[in-house]
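Peer 1: Dropping a structure here in structure tokens format, bear with me for questions.
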Amino acid sequence: MPVQSSLPRIRAITYLTPLREGGSLPAIVEADDLGTYVVKFTGAGQGAKALVAEIIVGELARALDIRTPDLALIEVAGELGRSEPDFEVQELVLASAGLNLAVDYLPGSIGFDPSYPVPADEAARIVWLDALVANVDRSARNTNLLVWHRDLWAIDHGACLRFHHAWGDPQRFARSGYRYDDHVLSGIGDPRRVHDQLAGRVTAELLDSITALVPDRWLTPDDQRPDPAASADAATARIAYRDYLLARLDAASEWLP
């Protein structure tokens, strides 16, 4: 599936309800395009880096024909959360005023249960992607998979790309292993069966087109969490993400089971 040239831009008009399953307090919000979205806020836990991971891994999943909800950039006004009685929610929305990430809401979807039948090829593609991006958040305890209209959808990729929380040697990330025994689909799909097919599709050009979707302001150094090894500007950061993932791909023998 081709990567879009830019993410849609929308504006939040109604704060509907917070989602309290995770620690970052995303919310269901109605936007000015009449759509309903799950909004991930820049003011939450890991800040903009989690949203960068959501875009890069989500769009990489889409390019590899893994179902994942559509993404958009959403403008959120600080006063949007005033009607929410929870002071923590009010503070989060106020701290996140400006551009945030919207994930298309899948109404009526249910959380994945390991008893649900999943084709081996589909499971293998998800496991392969999670191993590539070092996703530690797809376990039986927290699957981050939904079933919607009898199809499997991969969600919540903010915990991927851990290297950008402490930039360092790309080879250290490239050669780190992966815990397949903790992945909810590892007993169904073998990533070795799809490696050649998927690896050939993850090119520098694809990664450049995906990182171009990330807003510049989310890629610049974080003054609140300074990292001497972080890229000095957005353009350099995009190159770093591309090079880290290509190094990971080149070292596949280290992380394939």
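Ordered as shown in the structure tokens, chains take letters A, B, and onward, while each chain numbers its residues from 1 and ligands are numbered from 1 in the order shown.
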Tell me, which residues of stretch 70-140 of chain A carry DSSP strand (DSSP E or B), written as a count of residues only?

Peer 2: 15

Peer 1: So that I can see what lies close to A:Pro26, please list as a list of chain:residue names the residues with an atom at most 10 Å from it, counting only C-alpha atoms and leaving out residues fewer than 2 positions away in the same chain.

Peer 2: A:Thr17, A:Pro18, A:Leu19, A:Arg20, A:Glu21, A:Gly22, A:Gly23, A:Ser24, A:Ile28, A:Val29, A:Tyr37, A:Val38, A:Val39, A:Lys40, A:Phe41, A:Ala44, A:Val89, A:Leu92, A:Val93, A:Leu101, A:Ala102

Peer 1: Go through A:Gly158, A:Pro221, A:Gly177, A:Gly35 and flag the residue nearest A:Arg138, using only C-alpha atoms for the distances.

Peer 2: A:Gly158

Peer 1: With the cut-off set at 12 Å and counting only C-alpha atoms, tabulate each residue of stretch 13-117 of chain A with an atom at most that distance from an atom of stretch 187-192 of chain A, showing the nearest atom pair and its distance in Å to one decimal, ordered by chain and increasing number, as a Markdown table.

Peer 2:
| residue | atom | partner | partner_atom | distance |
| --- | --- | --- | --- | --- |
| A:Pro114 | CA | A:Ile188 | CA | 9.8 |
| A:Ser115 | CA | A:Ile188 | CA | 11.0 |
| A:Tyr116 | CA | A:Ile188 | CA | 11.1 |
| A:Pro117 | CA | A:Ile188 | CA | 9.4 |

Peer 1: Kindly export the residues of the current selection with N, CA and C atoms, as a compact mmCIF listing (two decimals), in the first residue's frame.

Peer 2:
# COMPACT_ATOMS: atom_id res chain seq x y z
N PRO A 114 -6.61 -14.48 22.14
CA PRO A 114 -5.75 -15.47 21.48
C PRO A 114 -6.51 -16.64 20.86
N SER A 115 -7.76 -16.85 21.26
CA SER A 115 -8.54 -17.93 20.66
C SER A 115 -9.09 -17.56 19.29
N TYR A 116 -8.99 -16.27 18.93
CA TYR A 116 -9.52 -15.82 17.64
C TYR A 116 -8.63 -16.34 16.52
N PRO A 117 -9.20 -16.93 15.45
CA PRO A 117 -8.37 -17.49 14.38
C PRO A 117 -7.69 -16.40 13.55

Peer 1: Using only C-alpha atoms, find the one residue out of A:Ser109, A:Leu94, A:Thr36, A:Leu132 that sits nearest to A:Arg162.

Peer 2: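 So, comparing all the options, the nearest one is A:Leu132.
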
Peer 1: Fewer than 5 positions away in the same chain doesn't count, so skip those; otherwise give me all residues within 9 Å of stretch 96-100 of chain A, counting only C-alpha atoms, as a list in words.

Peer 2: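 Near neighbours after the sequence-gap exclusion: Val39, Lys40, Phe41, Thr42, Gly43, Ala44, Ala48, Leu51, Ala72, Leu73, Ile74, Glu75, Val76, Ala77, Gly78, Glu79, Leu80, Glu91 and Pro215 of chain A.
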
Peer 1: Okay, now the selection with C-alpha atoms, as a PDB file, in the first residue's frame?

Peer 2:
ATOM      1  CA  VAL A  39      -6.219  11.415  20.219  1.00  0.00           C
ATOM      2  CA  LYS A  40      -2.693  10.808  21.500  1.00  0.00           C
ATOM      3  CA  PHE A  41      -1.415  13.923  23.288  1.00  0.00           C
ATOM      4  CA  THR A  42       2.018  15.514  23.136  1.00  0.00           C
ATOM      5  CA  GLY A  43       1.754  16.373  26.832  1.00  0.00           C
ATOM      6  CA  ALA A  44       1.471  12.727  27.929  1.00  0.00           C
ATOM      7  CA  ALA A  48       6.136  13.758  21.153  1.00  0.00           C
ATOM      8  CA  LEU A  51       3.692  10.125  18.533  1.00  0.00           C
ATOM      9  CA  ALA A  72      -4.283  12.455  11.070  1.00  0.00           C
ATOM     10  CA  LEU A  73      -2.731  15.515  12.672  1.00  0.00           C
ATOM     11  CA  ILE A  74      -5.237  17.244  14.927  1.00  0.00           C
ATOM     12  CA  GLU A  75      -5.251  20.754  16.375  1.00  0.00           C
ATOM     13  CA  VAL A  76      -6.409  20.749  19.978  1.00  0.00           C
ATOM     14  CA  ALA A  77      -7.357  23.917  21.852  1.00  0.00           C
ATOM     15  CA  GLY A  78      -6.312  24.042  25.499  1.00  0.00           C
ATOM     16  CA  GLU A  79      -9.857  24.769  26.673  1.00  0.00           C
ATOM     17  CA  LEU A  80     -11.219  21.622  25.002  1.00  0.00           C
ATOM     18  CA  GLU A  91      -4.018  19.570  32.756  1.00  0.00           C
ATOM     19  CA  PRO A 215       5.857  17.286  11.928  1.00  0.00           C
TER      20      PRO A 215
END

Peer 1: Considering only C-alpha atoms, state which residue in the set A:Leu129, A:Ala120, A:Val136, A:Ile10 is at the smallest distance from A:Asp104.

Peer 2: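 Once distances to A:Asp104 are computed over only C-alpha atoms, the minimum belongs to A:Ile10.
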
Peer 1: So what do you get for atom CA of A:Ile55 versus atom CA of A:Asp182, distance-wise?

Peer 2: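 One can read the atom CA of A:Ile55 to atom CA of A:Asp182 distance as 23.8 Å.
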
Peer 1: Can I get the residues of stretch 38-109 of chain A within 7 Å of stretch 149-156 of chain A, each with the closest pair of atoms and their distance in Å to one decimal, using only C-alpha atoms, sorted chain first then ascending number, as a tab-separated table?

Peer 2:
residue	atom	partner	partner_atom	distance
A:Glu54	CA	A:Asp156	CA	6.7
A:Arg67	CA	A:Trp153	CA	4.9
A:Thr68	CA	A:Ala154	CA	5.1

Peer 1: Now that the selection is made, can you save its residues with C-alpha atoms as an mmCIF file, in the first residue's frame?

Peer 2:
data_model
loop_
_atom_site.group_PDB
_atom_site.id
_atom_site.type_symbol
_atom_site.label_atom_id
_atom_site.label_comp_id
_atom_site.auth_asym_id
_atom_site.auth_seq_id
_atom_site.Cartn_x
_atom_site.Cartn_y
_atom_site.Cartn_z
ATOM 1 C CA GLU A 54 3.050 5.933 16.180
ATOM 2 C CA ARG A 67 -4.253 -3.282 8.914
ATOM 3 C CA THR A 68 -3.900 -0.253 11.155
#

Peer 1: Hey, what's within 8 Å of A:Tyr178 if we count only C-alpha atoms and toss same-chain stuff fewer than 6 positions away? As a list in words, please?

Peer 2: Ala131, Ala134, Trp255 and Leu256 of chain A
